[in-house]
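Below is run_7.txt, which holds compact mmCIF, C-alpha atoms.
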```txt
# COMPACT_ATOMS: atom_id res chain seq x y z
CA MET A 10 98.93 152.57 126.51
CA THR A 11 95.65 152.97 128.40
CA THR A 12 95.39 149.49 129.89
CA SER A 13 94.98 149.61 133.66
CA TRP A 14 96.20 147.29 136.40
CA GLN A 15 96.02 147.52 140.21
CA VAL A 16 98.23 145.79 142.78
CA ASN A 17 96.62 144.21 145.85
CA ALA A 18 98.18 143.68 149.28
CA ARG A 19 99.65 140.28 148.35
CA GLY A 20 101.53 141.81 145.46
CA PHE A 21 99.23 140.58 142.70
CA VAL A 22 98.34 142.97 139.89
CA VAL A 23 94.59 143.19 139.44
CA SER A 24 94.00 146.48 137.59
CA ASP A 25 95.32 150.06 137.65
CA SER A 26 97.84 152.28 135.90
CA ILE A 27 101.40 151.53 134.82
CA ALA A 28 102.41 154.64 136.79
CA GLU A 29 101.07 153.03 139.98
CA ILE A 30 102.88 149.77 139.25
CA ILE A 31 106.11 151.74 138.72
CA SER A 32 105.45 153.58 141.97
CA ARG A 33 105.03 150.27 143.81
CA LEU A 34 108.16 148.79 142.21
CA LYS A 35 110.12 151.88 143.26
CA SER A 36 108.74 152.23 146.79
CA GLU A 37 108.73 148.58 147.85
CA THR A 38 112.33 147.62 147.23
CA SER A 39 114.30 145.20 149.38
CA PRO A 40 118.05 144.64 149.66
CA PHE A 41 119.18 142.17 147.02
CA ASP A 42 121.33 139.30 148.22
CA TYR A 43 121.97 135.72 147.25
CA ASN A 44 119.04 134.44 149.31
CA PHE A 45 116.45 137.02 148.26
CA HIS A 46 114.78 134.55 145.89
CA ASN A 47 113.67 132.46 148.90
CA GLY A 48 111.03 135.12 149.65
CA VAL A 49 109.70 135.13 146.09
CA GLU A 50 106.93 132.77 145.03
CA ASP A 51 106.91 130.94 141.71
CA HIS A 52 104.21 133.14 140.15
CA ALA A 53 104.38 135.16 136.95
CA GLY A 54 105.22 138.82 137.29
CA LEU A 55 107.44 141.83 136.87
CA TYR A 56 110.54 142.80 138.81
CA SER A 57 112.90 145.74 138.91
CA ILE A 58 116.46 146.19 140.15
CA TRP A 59 117.51 149.52 141.64
CA LEU A 60 120.73 151.32 142.57
CA ARG A 61 120.58 154.49 144.67
CA GLY A 62 116.97 155.17 143.70
CA THR A 63 117.53 154.65 139.98
CA CYS A 64 116.07 151.69 138.15
CA ILE A 65 118.86 149.77 136.43
CA TYR A 66 116.82 146.81 135.13
CA VAL A 67 113.23 145.74 134.52
CA GLY A 68 112.31 142.14 133.80
CA MET A 69 109.42 139.75 133.60
CA SER A 70 109.12 136.05 134.15
CA MET A 71 106.46 133.39 134.24
CA ASN A 72 108.28 132.12 137.35
CA LEU A 73 109.68 134.99 139.41
CA HIS A 74 111.30 132.70 142.00
CA ARG A 75 113.41 130.95 139.35
CA ARG A 76 114.34 134.17 137.52
CA VAL A 77 115.35 136.06 140.67
CA GLU A 78 117.41 133.04 141.72
CA GLU A 79 119.19 133.15 138.33
CA HIS A 80 120.07 136.81 138.95
CA SER A 81 121.34 135.85 142.41
CA HIS A 82 123.64 133.05 141.33
CA ASP A 83 124.46 133.23 137.64
CA GLU A 84 123.95 136.70 136.18
CA ASP A 85 124.04 136.55 132.38
CA ASN A 86 123.60 140.30 131.76
CA PRO A 87 127.09 141.87 131.69
CA LYS A 88 125.83 145.28 132.83
CA LEU A 89 124.00 143.82 135.83
CA ARG A 90 126.97 141.57 136.64
CA GLN A 91 129.16 144.71 136.80
CA TYR A 92 126.63 146.53 139.00
CA PHE A 93 126.42 143.55 141.38
CA LYS A 94 130.22 143.41 141.58
CA THR A 95 130.75 147.16 142.01
CA TYR A 96 127.82 147.95 144.35
CA PRO A 97 127.04 144.67 146.17
CA ASN A 98 125.46 146.33 149.21
CA GLU A 99 123.50 149.00 147.36
CA ILE A 100 121.45 146.90 144.95
CA ARG A 101 117.73 146.66 145.73
CA ILE A 102 114.97 144.64 144.06
CA SER A 103 111.19 144.73 143.93
CA PHE A 104 108.52 142.69 142.23
CA VAL A 105 104.79 142.33 141.63
CA TYR A 106 102.94 139.16 140.74
CA VAL A 107 100.87 139.41 137.56
CA PRO A 108 98.16 136.77 136.94
CA GLU A 109 98.07 137.39 133.19
CA THR A 110 99.24 135.79 129.98
CA GLU A 111 102.87 135.99 129.01
CA SER A 112 102.08 138.39 126.16
CA LYS A 113 100.26 140.80 128.50
CA ILE A 114 103.11 140.71 131.01
CA LYS A 115 105.63 141.35 128.20
CA SER A 116 103.51 144.31 127.13
CA MET A 117 103.60 145.69 130.67
CA GLU A 118 107.35 145.11 130.87
CA SER A 119 107.88 146.98 127.59
CA GLU A 120 105.81 149.93 128.79
CA ILE A 121 107.72 150.14 132.08
CA ILE A 122 111.08 149.89 130.28
CA SER A 123 110.06 152.67 127.88
CA ARG A 124 109.15 154.92 130.83
CA LEU A 125 112.14 154.16 133.08
CA TYR A 126 114.75 153.44 130.39
CA PRO A 127 116.96 151.34 132.72
CA ASP A 128 120.63 151.05 131.82
CA GLY A 129 120.61 147.25 132.16
CA ASN A 130 117.91 146.94 129.50
CA ARG A 131 119.86 148.96 126.92
CA GLN A 132 122.06 147.42 124.27
CA GLY A 133 125.74 148.25 124.23
CA ILE A 134 128.62 148.68 126.64
CA LEU A 135 128.28 149.69 130.30
```

Before anything else, please render the file you have as structure tokens.
Amino acid sequence: MTTSWQVNARGFVVSDSIAEIISRLKSETSPFDYNFHNGVEDHAGLYSIWLRGTCIYVGMSMNLHRRVEEHSHDEDNPKLRQYFKTYPNEIRISFVYVPETESKIKSMESEIISRLYPDGNRQGIL
């Protein structure tokens, strides 16, 4: 994929490479707790969940605040639920806002998943 996106200081993707978005998602992580969603705005975007420097999940949402809150309070992914239970103080999260259409954001998400291959995005048993 040769499409380019860039991330500005407010966290919005404007144009640059997927590699740079991955770099930002990896370098700008914050501890994940049940109130983390309060610092996330209700914009569309991408997010990633990390454990000990390894990406364990990549997601997208048209409303990041709502989706991150769902992860905080009612995790529906059994792999992530197990990670949250086993490593509650080691989980980190990052996100970027993406002012694009849902199909473009899904395309970005797919590209990032194919590059990082996070365990939580794979089918099967933990």

Next item on the list: Please provide as number ranges by chain all residues within 10 Å of region 84-94 of chain A, with the sequence filter that same-chain residues fewer than 6 positions apart are discarded (counting all atoms listed in the file).
Entry: A: 41-42, 58-60, 65-66, 77-78, 100, 128-135

Margin query: I want to know what sits within 12 Å of Phe104 (chain A), based on all atoms listed in the file, with residues of the same chain fewer than 2 positions away left out; could you give that as a VMD selection string?
Written below: chain A and resid 16 19 to 22 30 to 39 41 45 to 46 48 to 59 66 to 70 72 to 74 76 to 77 101 to 102 106 to 107 118

Note to self: Calculated over all atoms listed in the file, which of the candidates A:Met71, A:Tyr43, A:Glu99, A:Gly62 has the smallest distance to Ile114 (chain A)?
What the structure shows: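 Selected residue with least distance to Ile114 (chain A): A:Met71.
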
Item checked: Minimum-distance residue to Ile122 (chain A), chosen among A:Asn47, A:Asn98, A:Glu79, A:Ala28 (using all atoms listed in the file) -> A:Ala28

Please determine an axis-aligned box that encloses all atoms of region 63-71 of chain A listed in the file, with 6 Å added on each side, and express its centre and edge lengths in Å to one decimal as lines of an AutoDock Vina configuration file.
```
center_x = 112.7
center_y = 144.0
center_z = 136.8
size_x = 24.4
size_y = 33.3
size_z = 18.4
```

Margin query: For a quick check of understanding, using all atoms listed in the file, which of A:Ile121, A:Tyr126, A:Ser116, A:Arg61 has the smallest distance to Glu29 (chain A)?
Written below: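 Checking each of A:Ile121, A:Tyr126, A:Ser116, A:Arg61 against Glu29 (chain A), counting all atoms listed in the file, the winner is A:Ile121.
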